[in-house]
>>> print(open('protein05.txt').read())   # compact mmCIF, C-alpha atoms
# COMPACT_ATOMS: atom_id res chain seq x y z
CA MET A 10 -17.68 10.79 -0.05
CA SER A 11 -18.99 7.51 -1.40
CA ASP A 12 -17.43 4.24 -0.31
CA LYS A 13 -18.14 2.86 -3.78
CA ARG A 14 -15.30 2.32 -6.17
CA VAL A 15 -14.90 0.63 -9.49
CA ILE A 16 -12.07 -1.88 -9.83
CA SER A 17 -11.08 -2.64 -13.41
CA TRP A 18 -9.07 -5.84 -13.59
CA PHE A 19 -6.49 -5.21 -16.30
CA SER A 20 -4.95 -8.37 -17.78
CA CYS A 21 -2.64 -6.89 -20.44
CA GLY A 22 -5.16 -7.92 -23.09
CA ALA A 23 -7.04 -5.77 -25.58
CA ALA A 24 -10.49 -6.46 -24.12
CA SER A 25 -9.51 -5.61 -20.55
CA ALA A 26 -7.77 -2.45 -21.80
CA VAL A 27 -10.90 -1.29 -23.65
CA ALA A 28 -13.17 -2.23 -20.73
CA THR A 29 -10.91 -0.18 -18.46
CA LYS A 30 -10.88 2.84 -20.77
CA LEU A 31 -14.68 2.77 -21.07
CA ALA A 32 -15.13 2.37 -17.30
CA ILE A 33 -12.84 5.35 -16.63
CA ASN A 34 -14.78 7.45 -19.13
CA GLU A 35 -18.25 6.41 -17.93
CA SER A 36 -18.08 5.65 -14.21
CA LYS A 37 -19.58 8.03 -11.69
CA TYR A 38 -17.23 6.51 -9.08
CA PRO A 39 -13.43 6.48 -8.92
CA VAL A 40 -11.89 3.71 -11.02
CA GLU A 41 -8.85 1.85 -9.78
CA VAL A 42 -7.06 -0.14 -12.46
CA VAL A 43 -5.46 -3.29 -11.05
CA TYR A 44 -3.18 -5.89 -12.61
CA CYS A 45 -2.30 -9.25 -11.01
CA HIS A 46 1.30 -9.85 -12.01
CA VAL A 47 2.50 -13.32 -12.94
CA LYS A 48 6.27 -13.45 -13.46
CA GLU A 49 6.14 -15.87 -16.37
CA GLU A 50 3.89 -13.73 -18.56
CA HIS A 51 5.55 -12.31 -21.68
CA PRO A 52 7.82 -9.34 -20.86
CA ASP A 53 6.16 -7.25 -23.58
CA ASN A 54 3.07 -7.12 -21.37
CA MET A 55 4.86 -4.50 -19.26
CA ARG A 56 5.35 -2.28 -22.32
CA PHE A 57 1.66 -2.67 -23.18
CA MET A 58 0.71 -1.84 -19.60
CA LYS A 59 2.79 1.37 -19.66
CA ASP A 60 1.22 2.37 -23.01
CA CYS A 61 -2.23 1.76 -21.53
CA GLU A 62 -1.44 3.81 -18.43
CA LYS A 63 -0.81 6.78 -20.74
CA TRP A 64 -4.07 6.06 -22.61
CA PHE A 65 -6.02 5.76 -19.35
CA GLY A 66 -4.41 8.88 -17.89
CA GLN A 67 -3.77 7.10 -14.63
CA PRO A 68 -1.46 4.49 -13.13
CA ILE A 69 -2.16 0.79 -12.84
CA THR A 70 -1.83 -0.83 -9.42
CA VAL A 71 0.28 -3.98 -9.68
CA LEU A 72 -0.41 -6.79 -7.21
CA GLN A 73 1.07 -10.25 -6.89
CA ASN A 74 0.79 -13.21 -4.56
CA GLU A 75 3.92 -12.78 -2.44
CA LYS A 76 3.65 -16.27 -0.94
CA TYR A 77 4.47 -17.64 -4.39
CA ASN A 78 6.56 -14.66 -5.51
CA GLY A 79 4.04 -14.23 -8.35
CA SER A 80 5.46 -17.35 -10.05
CA ILE A 81 3.68 -20.35 -11.53
CA TYR A 82 6.80 -22.42 -10.84
CA GLU A 83 6.65 -21.65 -7.14
CA VAL A 84 2.97 -22.65 -7.17
CA PHE A 85 3.94 -25.97 -8.77
CA THR A 86 6.85 -26.53 -6.38
CA LYS A 87 5.08 -25.57 -3.15
CA GLY A 88 1.81 -27.25 -4.14
CA LYS A 89 3.58 -30.34 -5.51
CA TYR A 90 1.27 -30.59 -8.51
CA ILE A 91 0.61 -28.82 -11.78
CA VAL A 92 -3.02 -29.72 -12.48
CA GLY A 93 -5.71 -31.67 -10.66
CA VAL A 94 -9.38 -32.49 -11.02
CA ALA A 95 -10.26 -28.86 -10.24
CA GLY A 96 -7.81 -27.55 -12.85
CA ALA A 97 -4.50 -25.75 -12.51
CA PRO A 98 -3.94 -23.94 -9.22
CA CYS A 99 -2.14 -20.97 -10.83
CA THR A 100 -5.19 -18.92 -11.73
CA ARG A 101 -6.73 -19.48 -8.31
CA LEU A 102 -3.57 -18.69 -6.35
CA LEU A 103 -1.98 -15.98 -8.52
CA LYS A 104 -5.11 -14.17 -9.71
CA LYS A 105 -8.30 -15.05 -7.81
CA GLU A 106 -6.79 -15.08 -4.30
CA VAL A 107 -5.05 -11.77 -5.01
CA ARG A 108 -8.33 -10.30 -6.27
CA LYS A 109 -10.29 -11.57 -3.26
CA LYS A 110 -7.74 -10.07 -0.86
CA PHE A 111 -7.90 -6.67 -2.62
CA GLU A 112 -11.63 -6.31 -3.29
CA LYS A 113 -14.14 -4.73 -0.95
CA VAL A 114 -17.77 -5.70 -0.55
CA ASN A 115 -19.10 -2.50 -2.20
CA ASP A 116 -16.80 -2.61 -5.24
CA ILE A 117 -18.13 -2.64 -8.76
CA GLN A 118 -15.80 -4.90 -10.72
CA VAL A 119 -14.95 -4.69 -14.41
CA PHE A 120 -13.44 -7.55 -16.41
CA GLY A 121 -12.78 -7.63 -20.14
CA TYR A 122 -15.55 -10.05 -21.09
CA THR A 123 -16.68 -9.50 -24.67
CA VAL A 124 -20.08 -10.32 -26.13
CA GLU A 125 -18.77 -13.70 -27.39
CA GLU A 126 -17.99 -14.65 -23.79
CA GLN A 127 -21.44 -14.57 -22.21
CA ASP A 128 -20.95 -18.19 -21.13
CA ARG A 129 -17.77 -17.20 -19.24
CA VAL A 130 -19.68 -14.37 -17.56
CA ASP A 131 -22.42 -16.77 -16.52
CA ARG A 132 -19.85 -19.18 -15.03
CA PHE A 133 -18.09 -16.28 -13.29
CA ILE A 134 -21.36 -15.09 -11.74
CA ASP A 135 -22.25 -18.63 -10.62
CA ALA A 136 -18.84 -19.00 -8.93
CA ASN A 137 -18.68 -15.42 -7.59
CA ASN A 138 -22.25 -14.39 -6.83
CA ASP A 139 -20.98 -11.91 -4.24
CA VAL A 140 -19.23 -9.82 -6.93
CA ASN A 141 -20.98 -6.75 -8.35
CA LEU A 142 -19.95 -7.26 -11.99
CA TRP A 143 -20.09 -4.50 -14.60
CA SER A 144 -19.94 -6.22 -18.00
CA ILE A 145 -19.30 -2.99 -19.85
CA LEU A 146 -18.18 -4.60 -23.13
CA ILE A 147 -21.18 -6.91 -23.27
CA GLY A 148 -23.45 -4.00 -22.43
CA LYS A 149 -22.10 -2.20 -25.49
CA ASN A 150 -22.25 -5.37 -27.62
CA LEU A 151 -18.49 -5.24 -28.23
CA LYS A 152 -16.60 -8.21 -29.68
CA LYS A 153 -12.91 -9.04 -29.40
CA SER A 154 -12.43 -7.69 -32.93
CA ASP A 155 -13.96 -4.36 -31.83
CA CYS A 156 -11.53 -4.17 -28.91
CA LEU A 157 -8.54 -4.94 -31.14
CA ALA A 158 -9.62 -2.17 -33.51
CA MET A 159 -10.05 0.32 -30.64
CA ILE A 160 -6.54 -0.42 -29.37
CA GLU A 161 -5.18 0.06 -32.89
CA ARG A 162 -7.05 3.38 -33.27
CA ALA A 163 -5.55 4.51 -29.95
CA GLY A 164 -2.11 3.98 -31.51
CA ILE A 165 -1.15 1.26 -29.04
CA GLU A 166 0.79 -1.76 -30.27
CA LEU A 167 -0.77 -5.01 -29.11
CA PRO A 168 1.28 -7.22 -26.79
CA ALA A 169 3.66 -9.68 -28.42
CA MET A 170 1.50 -12.65 -27.42
CA TYR A 171 -1.14 -11.56 -29.94
CA LYS A 172 1.48 -11.65 -32.69
CA LEU A 173 2.42 -15.14 -31.57
CA GLY A 174 -1.18 -16.26 -32.15
CA TYR A 175 -2.51 -16.26 -28.59
CA GLN A 176 -5.93 -14.72 -28.04
>>> encode(input="protein05.txt", output="structure tokens")
Amino acid sequence: MSDKRVISWFSCGAASAVATKLAINESKYPVEVVYCHVKEEHPDNMRFMKDCEKWFGQPITVLQNEKYNGSIYEVFTKGKYIVGVAGAPCTRLLKKEVRKKFEKVNDIQVFGYTVEEQDRVDRFIDANNDVNLWSILIGKNLKKSDCLAMIERAGIELPAMYKLGYQ
């Protein structure tokens, strides 16, 4: 049995959903789908996540930073600041720390970076050069619009935040 696994970091967005579906279909290793829960995200994200679990044919593991109860407000209160020179602490504490605690050295990690986001991938690699990144969407030259269309073709309603204009 291989100690390799693929971790697909699901964010409740169209691109991460498509990246996850493709990884499940194409990986020669087991794929674990993982979501870092933040309490203040739109409640419709949970409906989207359940719809995607059906599409993936497997459950999504939900993690959260228990020290902060998964809440941006607890990060602000306990940290006594909202944003500093290094940016907001929420992403680092509620997403990155949770990811770092969960990942293993041999993991292959999938994020929903589309072809328009090569600069984000480059920054991610520079900041996380120990991560074995599988940029499956970029490898297939898929754009955000392609991912939105694939979700629509799967019969899944996009999360409410898309309808509110957030990308």
>>> residues_around(input="protein05.txt", residues="Pro52 in chain A", least_positions_apart="5", cutoff="12 Å", atoms="only C-alpha atoms", output="list in words")
Cys21, His46, Val47, Phe57, Met58, Lys59, Pro168, Ala169 and Met170 of chain A
>>> write_last_selection(input="protein05.txt", atoms="C-alpha atoms", output="CSV table (one decimal), in the coordinates of the input")
chain,number,residue,atom,x,y,z
A,21,CYS,CA,-2.6,-6.9,-20.4
A,46,HIS,CA,1.3,-9.8,-12.0
A,47,VAL,CA,2.5,-13.3,-12.9
A,57,PHE,CA,1.7,-2.7,-23.2
A,58,MET,CA,0.7,-1.8,-19.6
A,59,LYS,CA,2.8,1.4,-19.7
A,168,PRO,CA,1.3,-7.2,-26.8
A,169,ALA,CA,3.7,-9.7,-28.4
A,170,MET,CA,1.5,-12.6,-27.4
>>> closest_residue(input="protein05.txt", among="A:Ile134, A:Ile69, A:Leu103, A:Ala28", to="Glu50 in chain A", atoms="only C-alpha atoms")
A:Leu103
>>> closest_residue(input="protein05.txt", among="A:Asp155, A:Glu49, A:Asp12, A:Asp131", to="Tyr82 in chain A", atoms="all atoms listed in the file")
A:Glu49
>>> atom_distance(input="protein05.txt", atom1="CA of Lys153 in chain A", atom2="CA of Gly22 in chain A")
10.1 Å
>>> atom_distance(input="protein05.txt", atom1="CA of Val27 in chain A", atom2="CA of Ile165 in chain A")
11.4 Å
>>> closest_residue(input="protein05.txt", among="A:Lys76, A:Lys110, A:Lys30, A:His51", to="Lys63 in chain A", atoms="only C-alpha atoms")
A:Lys30
>>> residues_near_point(input="protein05.txt", point="(-16.7, -11.0, -26.6)", cutoff="7 Å", atoms="only C-alpha atoms", output="ChimeraX atom specification")
/A:122-126,147,151-153
>>> decode(input="protein05.txt", residues="range 52-63 of chain A", atoms="all heavy atoms", output="short mmCIF file (atom, residue, chain, number, x, y, z; two decimals), in the first residue's frame")
data_model
loop_
_atom_site.label_atom_id
_atom_site.label_comp_id
_atom_site.auth_asym_id
_atom_site.auth_seq_id
_atom_site.Cartn_x
_atom_site.Cartn_y
_atom_site.Cartn_z
N PRO A 52 -23.93 30.73 4.47
CA PRO A 52 -24.50 29.42 4.80
C PRO A 52 -24.84 28.56 3.58
O PRO A 52 -24.88 27.33 3.69
CB PRO A 52 -25.76 29.76 5.60
CG PRO A 52 -25.99 31.21 5.42
CD PRO A 52 -24.70 31.84 5.00
N ASP A 53 -25.02 29.17 2.42
CA ASP A 53 -25.31 28.38 1.22
C ASP A 53 -24.11 27.54 0.79
O ASP A 53 -24.26 26.59 0.02
CB ASP A 53 -25.78 29.29 0.07
CG ASP A 53 -26.29 28.48 -1.11
OD1 ASP A 53 -27.14 27.58 -0.91
OD2 ASP A 53 -25.83 28.73 -2.24
N ASN A 54 -22.93 27.87 1.29
CA ASN A 54 -21.75 27.05 0.98
C ASN A 54 -21.95 25.60 1.42
O ASN A 54 -21.47 24.68 0.76
CB ASN A 54 -20.50 27.62 1.65
CG ASN A 54 -19.95 28.83 0.94
OD1 ASN A 54 -20.50 29.29 -0.06
ND2 ASN A 54 -18.88 29.37 1.46
N MET A 55 -22.67 25.40 2.52
CA MET A 55 -22.90 24.04 3.01
C MET A 55 -23.79 23.26 2.05
O MET A 55 -23.58 22.06 1.83
CB MET A 55 -23.51 24.05 4.42
CG MET A 55 -22.59 24.63 5.49
SD MET A 55 -21.03 23.72 5.67
CE MET A 55 -19.89 24.76 4.76
N ARG A 56 -24.78 23.92 1.46
CA ARG A 56 -25.62 23.26 0.45
C ARG A 56 -24.77 22.88 -0.76
O ARG A 56 -24.85 21.76 -1.27
CB ARG A 56 -26.77 24.22 0.05
CG ARG A 56 -27.83 23.61 -0.85
CD ARG A 56 -27.68 23.84 -2.34
NE ARG A 56 -27.17 25.15 -2.69
CZ ARG A 56 -26.40 25.35 -3.74
NH1 ARG A 56 -26.03 24.36 -4.54
NH2 ARG A 56 -25.95 26.57 -4.03
N PHE A 57 -23.92 23.80 -1.21
CA PHE A 57 -23.05 23.54 -2.34
C PHE A 57 -22.11 22.37 -2.03
O PHE A 57 -21.90 21.48 -2.86
CB PHE A 57 -22.25 24.80 -2.70
CG PHE A 57 -21.35 24.63 -3.90
CD1 PHE A 57 -21.88 24.53 -5.18
CD2 PHE A 57 -19.97 24.57 -3.75
CE1 PHE A 57 -21.05 24.39 -6.30
CE2 PHE A 57 -19.13 24.42 -4.86
CZ PHE A 57 -19.68 24.33 -6.12
N MET A 58 -21.57 22.35 -0.82
CA MET A 58 -20.67 21.27 -0.43
C MET A 58 -21.39 19.92 -0.47
O MET A 58 -20.84 18.94 -0.99
CB MET A 58 -20.10 21.53 0.97
CG MET A 58 -19.09 20.48 1.38
SD MET A 58 -18.16 20.91 2.87
CE MET A 58 -19.44 20.78 4.10
N LYS A 59 -22.61 19.86 0.02
CA LYS A 59 -23.38 18.60 0.00
C LYS A 59 -23.66 18.17 -1.45
O LYS A 59 -23.57 16.98 -1.77
CB LYS A 59 -24.69 18.74 0.78
CG LYS A 59 -24.48 18.95 2.26
CD LYS A 59 -23.87 17.72 2.90
CE LYS A 59 -23.62 17.92 4.37
NZ LYS A 59 -22.66 16.98 4.92
N ASP A 60 -24.02 19.13 -2.31
CA ASP A 60 -24.24 18.81 -3.73
C ASP A 60 -22.96 18.26 -4.35
O ASP A 60 -23.00 17.31 -5.14
CB ASP A 60 -24.71 20.05 -4.50
CG ASP A 60 -26.11 20.50 -4.14
OD1 ASP A 60 -26.84 19.74 -3.44
OD2 ASP A 60 -26.50 21.61 -4.54
N CYS A 61 -21.82 18.86 -4.01
CA CYS A 61 -20.55 18.40 -4.56
C CYS A 61 -20.16 17.02 -4.02
O CYS A 61 -19.61 16.22 -4.77
CB CYS A 61 -19.45 19.43 -4.29
SG CYS A 61 -19.60 20.90 -5.34
N GLU A 62 -20.48 16.74 -2.77
CA GLU A 62 -20.20 15.40 -2.25
C GLU A 62 -20.90 14.34 -3.09
O GLU A 62 -20.31 13.30 -3.40
CB GLU A 62 -20.67 15.28 -0.79
CG GLU A 62 -19.74 15.91 0.21
CD GLU A 62 -20.22 15.75 1.64
OE1 GLU A 62 -21.44 15.83 1.90
OE2 GLU A 62 -19.36 15.55 2.51
N LYS A 63 -22.14 14.61 -3.48
CA LYS A 63 -22.87 13.67 -4.35
C LYS A 63 -22.17 13.54 -5.70
O LYS A 63 -22.03 12.44 -6.23
CB LYS A 63 -24.32 14.13 -4.53
CG LYS A 63 -25.15 14.02 -3.28
CD LYS A 63 -26.55 14.58 -3.51
CE LYS A 63 -27.28 14.72 -2.19
NZ LYS A 63 -28.44 15.60 -2.28
#
